[in-house]
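*Asks:* My structure is stored as run20.csv, with CSV, C-alpha atoms.
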```csv
chain,number,residue,atom,x,y,z
A,16,MET,CA,112.2,110.9,83.6
A,17,VAL,CA,109.3,110.4,86.0
A,18,PRO,CA,110.2,109.7,89.6
A,19,LEU,CA,108.2,107.2,91.7
A,20,TYR,CA,108.6,106.7,95.5
A,21,LEU,CA,108.6,103.7,97.7
A,22,SER,CA,105.7,104.1,100.2
A,23,GLY,CA,104.8,102.0,103.2
A,24,ALA,CA,101.1,102.5,102.4
A,25,HIS,CA,99.4,99.2,101.7
A,26,SER,CA,98.4,98.7,98.1
A,27,GLY,CA,96.0,95.9,98.8
A,28,SER,CA,97.2,94.0,95.8
A,29,ALA,CA,100.0,91.7,97.0
A,30,PRO,CA,98.8,89.5,99.9
A,31,LEU,CA,101.8,87.2,99.7
A,32,SER,CA,104.3,90.1,100.1
A,33,ALA,CA,106.2,90.9,103.2
A,34,ASN,CA,105.0,94.5,103.1
A,35,ASP,CA,102.6,95.1,100.2
A,36,GLY,CA,103.8,98.7,99.8
A,37,THR,CA,102.8,101.3,97.2
A,38,LEU,CA,104.7,102.9,94.3
A,39,ALA,CA,103.7,106.5,94.9
A,40,GLY,CA,103.8,109.6,92.7
A,41,SER,CA,104.9,111.9,95.6
A,42,LEU,CA,107.3,111.5,98.5
A,43,PRO,CA,105.7,109.6,101.4
A,44,THR,CA,105.4,111.2,104.8
A,45,GLY,CA,104.5,110.1,108.3
A,46,ARG,CA,103.8,106.3,108.7
A,47,ASP,CA,104.1,105.8,105.0
A,48,SER,CA,107.7,106.8,105.1
A,49,TYR,CA,108.7,104.1,107.6
A,50,GLN,CA,111.3,101.5,106.6
A,51,ASP,CA,110.2,97.9,105.6
A,52,LEU,CA,112.1,94.7,106.2
A,53,TYR,CA,112.3,91.1,105.0
A,54,VAL,CA,114.4,88.0,105.9
A,55,TYR,CA,117.0,86.9,103.4
A,56,ASN,CA,116.1,83.7,101.6
A,57,PRO,CA,118.7,82.3,99.1
A,58,SER,CA,116.0,80.4,97.2
A,59,SER,CA,114.1,83.6,96.0
A,60,GLY,CA,114.0,84.0,92.3
A,61,ALA,CA,112.5,80.7,91.4
A,62,SER,CA,109.9,82.1,89.1
A,63,LYS,CA,112.4,83.6,86.7
A,64,PRO,CA,114.5,80.8,85.1
A,65,MET,CA,111.6,79.7,83.0
A,66,GLY,CA,110.2,83.2,82.5
A,67,ARG,CA,111.5,86.1,80.5
A,68,GLU,CA,115.0,84.8,80.3
A,69,GLY,CA,114.0,81.6,78.5
A,70,PRO,CA,114.5,77.9,79.3
A,71,ASP,CA,116.8,76.8,82.1
A,72,GLY,CA,118.5,74.1,80.0
A,73,PHE,CA,116.1,71.2,80.4
A,74,LEU,CA,112.6,72.7,80.2
A,75,PRO,CA,110.9,74.4,77.3
A,76,TYR,CA,110.0,78.1,77.6
A,77,ALA,CA,107.4,78.2,80.4
A,78,PRO,CA,106.7,81.7,81.8
A,79,LEU,CA,105.9,81.5,85.5
A,80,ASP,CA,104.0,84.0,87.6
A,81,PRO,CA,106.5,86.2,89.6
A,82,ARG,CA,104.0,86.2,92.5
A,83,LEU,CA,105.8,83.0,93.5
A,84,ASP,CA,108.7,85.1,94.8
A,85,GLU,CA,106.7,87.8,96.6
A,86,PRO,CA,107.1,86.3,100.1
A,87,GLN,CA,111.0,86.5,99.8
A,88,GLY,CA,111.1,90.3,99.3
A,89,LEU,CA,109.3,93.6,99.3
A,90,THR,CA,106.7,94.8,96.8
A,91,PHE,CA,105.6,98.3,95.9
A,92,THR,CA,102.6,98.6,93.5
A,93,MET,CA,101.0,101.5,91.7
A,94,PRO,CA,97.2,102.1,91.8
A,95,VAL,CA,95.2,100.7,89.0
A,96,LEU,CA,96.0,102.6,85.7
A,97,LYS,CA,93.2,104.6,84.1
A,98,GLN,CA,95.2,105.1,80.9
A,99,PRO,CA,98.2,103.3,79.2
A,100,LEU,CA,101.6,103.8,80.8
A,101,PRO,CA,104.5,103.6,78.4
A,102,LEU,CA,107.9,102.7,79.9
A,103,ALA,CA,110.9,103.4,77.7
A,104,GLY,CA,114.6,104.1,78.2
A,105,PRO,CA,116.8,103.9,81.3
A,106,THR,CA,115.4,103.1,84.8
A,107,GLU,CA,117.2,103.4,88.1
A,108,LEU,CA,116.2,102.1,91.5
A,109,ARG,CA,117.6,104.4,94.2
A,110,PHE,CA,117.2,103.2,97.8
A,111,TRP,CA,118.7,103.0,101.3
A,112,ALA,CA,119.1,99.7,103.1
A,113,ILE,CA,120.6,98.2,106.2
A,114,THR,CA,121.9,94.6,106.2
A,115,GLU,CA,123.1,92.3,109.0
A,116,ALA,CA,125.7,90.7,106.7
A,117,SER,CA,129.2,92.0,105.6
A,118,ASN,CA,127.9,92.0,102.0
A,119,MET,CA,124.6,91.7,100.3
A,120,ASP,CA,123.1,91.2,96.8
A,121,TRP,CA,120.1,93.2,95.6
A,122,ALA,CA,117.7,92.1,92.9
A,123,GLY,CA,115.0,94.4,91.6
A,124,ARG,CA,112.2,93.7,89.1
A,125,LEU,CA,109.5,95.7,87.4
A,126,ILE,CA,106.4,93.7,87.0
A,127,ASP,CA,103.1,94.1,85.1
A,128,VAL,CA,100.1,93.2,87.3
A,129,ALA,CA,97.0,92.3,85.4
A,130,PRO,CA,93.4,93.0,86.6
A,131,ASP,CA,93.0,89.3,87.7
A,132,GLY,CA,96.1,89.7,89.9
A,133,SER,CA,98.4,87.6,87.6
A,134,THR,CA,101.9,89.1,87.0
A,135,ARG,CA,104.5,89.2,84.3
A,136,LEU,CA,108.2,90.2,84.4
A,137,ILE,CA,109.0,93.4,82.5
A,138,THR,CA,112.6,94.0,83.3
A,139,GLU,CA,115.1,93.7,86.1
A,140,GLY,CA,118.5,94.7,87.6
A,141,TRP,CA,121.1,93.5,90.1
A,142,LEU,CA,123.6,95.0,92.4
A,143,ARG,CA,126.2,93.7,94.9
A,144,ALA,CA,126.4,96.0,97.9
A,145,SER,CA,130.2,96.1,97.9
A,146,PHE,CA,130.3,97.1,94.2
A,147,ARG,CA,127.9,100.0,94.6
A,148,ALA,CA,130.4,102.7,93.6
A,149,VAL,CA,129.0,105.0,91.0
A,150,ASP,CA,131.1,107.0,88.5
A,151,PRO,CA,129.2,110.4,88.3
A,152,ALA,CA,131.1,111.5,85.2
A,153,ARG,CA,129.8,108.5,83.2
A,154,SER,CA,126.3,108.4,84.7
A,155,ARG,CA,123.2,110.1,83.3
A,156,PRO,CA,119.7,110.7,84.8
A,157,GLY,CA,118.1,107.3,85.5
A,158,ALA,CA,121.2,105.4,84.4
A,159,PRO,CA,124.0,105.2,87.0
A,160,TYR,CA,127.3,103.9,85.7
A,161,LEU,CA,128.8,101.3,88.1
A,162,PRO,CA,132.4,100.5,87.0
A,163,ASP,CA,132.7,97.4,89.2
A,164,ASP,CA,136.4,98.0,89.5
A,165,HIS,CA,136.8,98.3,93.2
A,166,GLU,CA,134.9,97.2,96.4
A,167,LEU,CA,133.5,99.5,99.1
A,168,PRO,CA,133.0,98.2,102.7
A,169,VAL,CA,129.5,97.2,103.8
A,170,THR,CA,129.1,98.0,107.5
A,171,ILE,CA,126.6,95.8,109.4
A,172,GLY,CA,123.7,97.9,110.7
A,173,LEU,CA,124.7,101.1,108.9
A,174,PRO,CA,122.2,102.7,106.4
A,175,ILE,CA,123.7,102.8,102.9
A,176,GLU,CA,122.4,104.4,99.7
A,177,TYR,CA,122.3,102.2,96.6
A,178,ARG,CA,121.7,103.0,92.9
A,179,MET,CA,120.7,100.0,90.9
A,180,ASP,CA,120.7,100.1,87.1
A,181,ILE,CA,117.6,98.4,85.7
A,182,TRP,CA,117.8,97.1,82.2
A,183,ASP,CA,116.3,99.5,79.6
A,184,ILE,CA,113.0,98.4,78.1
A,185,ALA,CA,110.2,99.6,75.9
A,186,TYR,CA,106.9,98.3,77.3
A,187,THR,CA,103.4,99.7,77.7
A,188,LEU,CA,101.1,98.8,80.6
A,189,ALA,CA,97.4,98.7,79.6
A,190,PRO,CA,94.6,100.5,81.5
A,191,GLY,CA,93.4,98.4,84.4
A,192,HIS,CA,96.9,97.0,85.0
A,193,ARG,CA,99.4,98.1,87.7
A,194,LEU,CA,103.2,98.6,87.8
A,195,ARG,CA,104.9,96.7,90.6
A,196,LEU,CA,108.5,96.8,91.9
A,197,TRP,CA,109.9,93.7,93.7
A,198,LEU,CA,113.1,94.1,95.7
A,199,SER,CA,114.9,91.1,97.2
A,200,SER,CA,118.4,89.8,97.9
A,201,ALA,CA,118.6,86.7,95.8
A,202,ASP,CA,117.8,85.6,92.3
A,203,THR,CA,118.5,81.9,92.3
A,204,PRO,CA,119.4,79.9,90.3
A,205,THR,CA,120.4,82.6,87.7
A,206,HIS,CA,122.7,84.2,90.3
A,207,GLU,CA,124.5,82.1,92.9
A,208,PRO,CA,123.6,83.0,96.5
A,209,LEU,CA,126.1,85.2,98.3
A,210,GLU,CA,127.9,83.1,100.9
A,211,VAL,CA,128.3,85.7,103.6
A,212,ALA,CA,124.6,86.6,103.3
A,213,ALA,CA,123.5,83.0,103.7
A,214,ALA,CA,125.6,82.8,106.8
A,215,THR,CA,123.6,85.5,108.7
```
What would you get if you wrote out this structure as structure tokens?
*Replies:*
Amino acid sequence: MVPLYLSGAHSGSAPLSANDGTLAGSLPTGRDSYQDLYVYNPSSGASKPMGREGPDGFLPYAPLDPRLDEPQGLTFTMPVLKQPLPLAGPTELRFWAITEASNMDWAGRLIDVAPDGSTRLITEGWLRASFRAVDPARSRPGAPYLPDDHELPVTIGLPIEYRMDIWDIAYTLAPGHRLRLWLSSADTPTHEPLEVAAAT
């Protein structure tokens, strides 16, 4: 298990992103450790229905570039790879967040960024803030077990730690490519927008 950290340092690779942060190999300090923010947009996620998940019911399989969704969330991108980077097994996104709503959805994606800047979805995960409870006895490193059997309160303005389970995958990024994490609060239309979030 190799940890990566969300850094505020600009990667210079995601001009449409609200923050253009970096996926760093060490814990960020100083200005790079500051928090980032974005405005909730219930329409984010538009690039996915015709992407990795297949057709949306009336269109043939037509993979779209996930850069379409960059303005509706935060991105964190690794430096250009000098050698292949294999990804295999469980992946967990652990983060702290503050929301101005009484509940919130989180959507996370791992994305392959090609040398020409085009992007491709690798895998993803979702988490509703009120169902963030983790069962430590059934969890393992990189794979939190979320029983979804009870809700926890979400206090407006209070920093809360979240552990998102990202779907397991076996994938190798080629030299010259980059790994990107995209974090947002909607994944429409595959997930219906959260009513209380849209009201804020």
*Asks:* With all atoms listed in the file as the counted atoms, please give the residues lying no more than 7 Å from segment 134-140 of chain A, apart from itself and same-chain residues fewer than 3 positions off, as a PyMOL selection string.
*Replies:* chain A and resi 67+80-82+122-129+179-182+184
*Asks:* I want to know what sits within 12 Å of segment 45-55 of chain A, based on all atoms listed in the file, with residues of the same chain fewer than 6 positions away left out; could you give that as a VMD selection string?
*Replies:* chain A and resid 20 to 26 32 to 39 85 to 91 110 to 116 119 to 122 174 197 to 202 208 to 215
*Asks:* When you draw a straight line from atom CA of Val169 of chain A to atom CA of Ser117 of chain A, how long is it in Å?
*Replies:*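 Atom CA of Val169 of chain A sits 5.5 Å away from atom CA of Ser117 of chain A.
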*Asks:* Work out how far atom CA of Leu100 of chain A is from atom CA of His192 of chain A, in Å to one decimal.
*Replies:*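 It comes out at 9.3 Å.
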*Asks:* Just how far from atom CA of Thr205 of chain A is atom CA of Leu79 of chain A, in Å to one decimal?
*Replies:*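 Taking atom CA of Leu79 of chain A and atom CA of Thr205 of chain A, their separation equals 14.7 Å.
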*Asks:* Quick one: residues within 12 Å of Pro156 of chain A, all atoms listed in the file counted, chain neighbours fewer than 4 positions away excluded, as a short mmCIF file (atom, residue, chain, number, x, y, z; two decimals) with C-alpha atoms, in the coordinates of the input?
*Replies:*
```
data_model
loop_
_atom_site.label_atom_id
_atom_site.label_comp_id
_atom_site.auth_asym_id
_atom_site.auth_seq_id
_atom_site.Cartn_x
_atom_site.Cartn_y
_atom_site.Cartn_z
CA MET A 16 112.20 110.90 83.60
CA VAL A 17 109.30 110.40 86.00
CA PRO A 18 110.20 109.70 89.60
CA GLY A 104 114.60 104.10 78.20
CA PRO A 105 116.80 103.90 81.30
CA THR A 106 115.40 103.10 84.80
CA GLU A 107 117.20 103.40 88.10
CA LEU A 108 116.20 102.10 91.50
CA ARG A 109 117.60 104.40 94.20
CA PRO A 151 129.20 110.40 88.30
CA ALA A 152 131.10 111.50 85.20
CA TYR A 160 127.30 103.90 85.70
CA ARG A 178 121.70 103.00 92.90
CA ASP A 180 120.70 100.10 87.10
#
```
*Asks:* Can you work out which one of A:Asp164, A:Asp183, A:Asp84, A:Glu207 has the shortest atom-to-atom distance to Leu102 of chain A, counting only C-alpha atoms?
*Replies:*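 Of the candidates, the smallest distance to Leu102 of chain A is held by A:Asp183.
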*Asks:* Nearest to Arg193 of chain A: which of A:Thr92, A:Thr44, A:Ser133, A:Gln98 is it, counting all atoms listed in the file?
*Replies:*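 Of the candidates, the smallest distance to Arg193 of chain A is held by A:Thr92.
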*Asks:* Arg147 of chain A: which residues within 7 Å, counting all atoms listed in the file, same-chain residues fewer than 4 positions away excluded, as a list in words?
*Replies:* Leu142, Arg143, Leu161 and Tyr177 of chain A
*Asks:* Can you take the partial segment 145-171 of chain A, add N, CA, C and O atoms, and return it as a PDB file, in the coordinates of the input?
*Replies:*
```pdb
ATOM      1  N   SER A 145     128.851  95.646  97.850  1.00  0.00           N
ATOM      2  CA  SER A 145     130.200  96.100  97.900  1.00  0.00           C
ATOM      3  C   SER A 145     130.709  96.697  96.560  1.00  0.00           C
ATOM      4  O   SER A 145     131.745  97.361  96.511  1.00  0.00           O
ATOM      5  N   PHE A 146     129.930  96.519  95.481  1.00  0.00           N
ATOM      6  CA  PHE A 146     130.300  97.100  94.200  1.00  0.00           C
ATOM      7  C   PHE A 146     129.265  98.219  93.825  1.00  0.00           C
ATOM      8  O   PHE A 146     128.887  98.380  92.670  1.00  0.00           O
ATOM      9  N   ARG A 147     128.857  98.990  94.831  1.00  0.00           N
ATOM     10  CA  ARG A 147     127.900 100.000  94.600  1.00  0.00           C
ATOM     11  C   ARG A 147     128.444 101.361  94.164  1.00  0.00           C
ATOM     12  O   ARG A 147     127.701 102.315  93.895  1.00  0.00           O
ATOM     13  N   ALA A 148     129.767 101.483  94.050  1.00  0.00           N
ATOM     14  CA  ALA A 148     130.400 102.700  93.600  1.00  0.00           C
ATOM     15  C   ALA A 148     129.867 103.186  92.286  1.00  0.00           C
ATOM     16  O   ALA A 148     129.772 102.391  91.352  1.00  0.00           O
ATOM     17  N   VAL A 149     129.518 104.465  92.184  1.00  0.00           N
ATOM     18  CA  VAL A 149     129.000 105.000  91.000  1.00  0.00           C
ATOM     19  C   VAL A 149     129.970 106.075  90.415  1.00  0.00           C
ATOM     20  O   VAL A 149     130.515 106.874  91.173  1.00  0.00           O
ATOM     21  N   ASP A 150     130.214 106.051  89.112  1.00  0.00           N
ATOM     22  CA  ASP A 150     131.100 107.000  88.500  1.00  0.00           C
ATOM     23  C   ASP A 150     130.153 108.182  87.963  1.00  0.00           C
ATOM     24  O   ASP A 150     129.451 108.028  86.968  1.00  0.00           O
ATOM     25  N   PRO A 151     130.139 109.343  88.663  1.00  0.00           N
ATOM     26  CA  PRO A 151     129.200 110.400  88.300  1.00  0.00           C
ATOM     27  C   PRO A 151     129.486 110.968  86.887  1.00  0.00           C
ATOM     28  O   PRO A 151     128.560 111.383  86.188  1.00  0.00           O
ATOM     29  N   ALA A 152     130.748 110.977  86.463  1.00  0.00           N
ATOM     30  CA  ALA A 152     131.100 111.500  85.200  1.00  0.00           C
ATOM     31  C   ALA A 152     130.520 110.710  84.014  1.00  0.00           C
ATOM     32  O   ALA A 152     130.273 111.225  82.925  1.00  0.00           O
ATOM     33  N   ARG A 153     130.306 109.419  84.239  1.00  0.00           N
ATOM     34  CA  ARG A 153     129.800 108.500  83.200  1.00  0.00           C
ATOM     35  C   ARG A 153     128.343 108.159  83.373  1.00  0.00           C
ATOM     36  O   ARG A 153     127.803 107.356  82.621  1.00  0.00           O
ATOM     37  N   SER A 154     127.726 108.708  84.398  1.00  0.00           N
ATOM     38  CA  SER A 154     126.300 108.400  84.700  1.00  0.00           C
ATOM     39  C   SER A 154     125.439 109.506  84.012  1.00  0.00           C
ATOM     40  O   SER A 154     125.900 110.597  83.683  1.00  0.00           O
ATOM     41  N   ARG A 155     124.168 109.176  83.838  1.00  0.00           N
ATOM     42  CA  ARG A 155     123.200 110.100  83.300  1.00  0.00           C
ATOM     43  C   ARG A 155     121.896 109.915  84.128  1.00  0.00           C
ATOM     44  O   ARG A 155     121.750 108.903  84.827  1.00  0.00           O
ATOM     45  N   PRO A 156     120.946 110.850  84.056  1.00  0.00           N
ATOM     46  CA  PRO A 156     119.700 110.700  84.800  1.00  0.00           C
ATOM     47  C   PRO A 156     119.037 109.353  84.585  1.00  0.00           C
ATOM     48  O   PRO A 156     118.764 108.981  83.446  1.00  0.00           O
ATOM     49  N   GLY A 157     118.799 108.620  85.655  1.00  0.00           N
ATOM     50  CA  GLY A 157     118.100 107.300  85.500  1.00  0.00           C
ATOM     51  C   GLY A 157     119.034 106.187  85.130  1.00  0.00           C
ATOM     52  O   GLY A 157     118.585 105.055  85.018  1.00  0.00           O
ATOM     53  N   ALA A 158     120.327 106.470  84.887  1.00  0.00           N
ATOM     54  CA  ALA A 158     121.200 105.400  84.400  1.00  0.00           C
ATOM     55  C   ALA A 158     122.600 105.575  85.107  1.00  0.00           C
ATOM     56  O   ALA A 158     123.534 106.145  84.542  1.00  0.00           O
ATOM     57  N   PRO A 159     122.714 105.078  86.340  1.00  0.00           N
ATOM     58  CA  PRO A 159     124.000 105.200  87.000  1.00  0.00           C
ATOM     59  C   PRO A 159     125.037 104.256  86.373  1.00  0.00           C
ATOM     60  O   PRO A 159     124.712 103.146  85.949  1.00  0.00           O
ATOM     61  N   TYR A 160     126.266 104.737  86.283  1.00  0.00           N
ATOM     62  CA  TYR A 160     127.300 103.900  85.700  1.00  0.00           C
ATOM     63  C   TYR A 160     128.141 103.336  86.893  1.00  0.00           C
ATOM     64  O   TYR A 160     128.757 104.072  87.659  1.00  0.00           O
ATOM     65  N   LEU A 161     128.090 102.015  87.047  1.00  0.00           N
ATOM     66  CA  LEU A 161     128.800 101.300  88.100  1.00  0.00           C
ATOM     67  C   LEU A 161     130.005 100.610  87.510  1.00  0.00           C
ATOM     68  O   LEU A 161     129.845  99.600  86.829  1.00  0.00           O
ATOM     69  N   PRO A 162     131.230 101.108  87.719  1.00  0.00           N
ATOM     70  CA  PRO A 162     132.400 100.500  87.000  1.00  0.00           C
ATOM     71  C   PRO A 162     132.783  99.137  87.512  1.00  0.00           C
ATOM     72  O   PRO A 162     133.486  98.423  86.798  1.00  0.00           O
ATOM     73  N   ASP A 163     132.363  98.730  88.715  1.00  0.00           N
ATOM     74  CA  ASP A 163     132.700  97.400  89.200  1.00  0.00           C
ATOM     75  C   ASP A 163     134.185  97.123  89.256  1.00  0.00           C
ATOM     76  O   ASP A 163     134.625  95.986  89.077  1.00  0.00           O
ATOM     77  N   ASP A 164     134.981  98.175  89.459  1.00  0.00           N
ATOM     78  CA  ASP A 164     136.400  98.000  89.500  1.00  0.00           C
ATOM     79  C   ASP A 164     137.061  98.062  90.836  1.00  0.00           C
ATOM     80  O   ASP A 164     138.271  97.907  90.984  1.00  0.00           O
ATOM     81  N   HIS A 165     136.240  98.309  91.860  1.00  0.00           N
ATOM     82  CA  HIS A 165     136.800  98.300  93.200  1.00  0.00           C
ATOM     83  C   HIS A 165     135.581  98.070  94.199  1.00  0.00           C
ATOM     84  O   HIS A 165     134.436  98.390  93.875  1.00  0.00           O
ATOM     85  N   GLU A 166     135.887  97.515  95.357  1.00  0.00           N
ATOM     86  CA  GLU A 166     134.900  97.200  96.400  1.00  0.00           C
ATOM     87  C   GLU A 166     134.843  98.332  97.428  1.00  0.00           C
ATOM     88  O   GLU A 166     135.870  98.937  97.745  1.00  0.00           O
ATOM     89  N   LEU A 167     133.664  98.560  97.970  1.00  0.00           N
ATOM     90  CA  LEU A 167     133.500  99.500  99.100  1.00  0.00           C
ATOM     91  C   LEU A 167     133.024  98.618 100.299  1.00  0.00           C
ATOM     92  O   LEU A 167     132.293  97.648 100.129  1.00  0.00           O
ATOM     93  N   PRO A 168     133.444  98.984 101.498  1.00  0.00           N
ATOM     94  CA  PRO A 168     133.000  98.200 102.700  1.00  0.00           C
ATOM     95  C   PRO A 168     131.527  98.310 102.919  1.00  0.00           C
ATOM     96  O   PRO A 168     130.911  99.332 102.627  1.00  0.00           O
ATOM     97  N   VAL A 169     130.944  97.239 103.440  1.00  0.00           N
ATOM     98  CA  VAL A 169     129.500  97.200 103.800  1.00  0.00           C
ATOM     99  C   VAL A 169     129.524  97.040 105.356  1.00  0.00           C
ATOM    100  O   VAL A 169     129.905  95.990 105.860  1.00  0.00           O
ATOM    101  N   THR A 170     129.104  98.075 106.071  1.00  0.00           N
ATOM    102  CA  THR A 170     129.100  98.000 107.500  1.00  0.00           C
ATOM    103  C   THR A 170     127.778  97.508 108.044  1.00  0.00           C
ATOM    104  O   THR A 170     126.712  98.047 107.714  1.00  0.00           O
ATOM    105  N   ILE A 171     127.829  96.448 108.823  1.00  0.00           N
ATOM    106  CA  ILE A 171     126.600  95.800 109.400  1.00  0.00           C
ATOM    107  C   ILE A 171     125.860  96.873 110.221  1.00  0.00           C
ATOM    108  O   ILE A 171     126.440  97.552 111.069  1.00  0.00           O
TER     109      ILE A 171
END
```
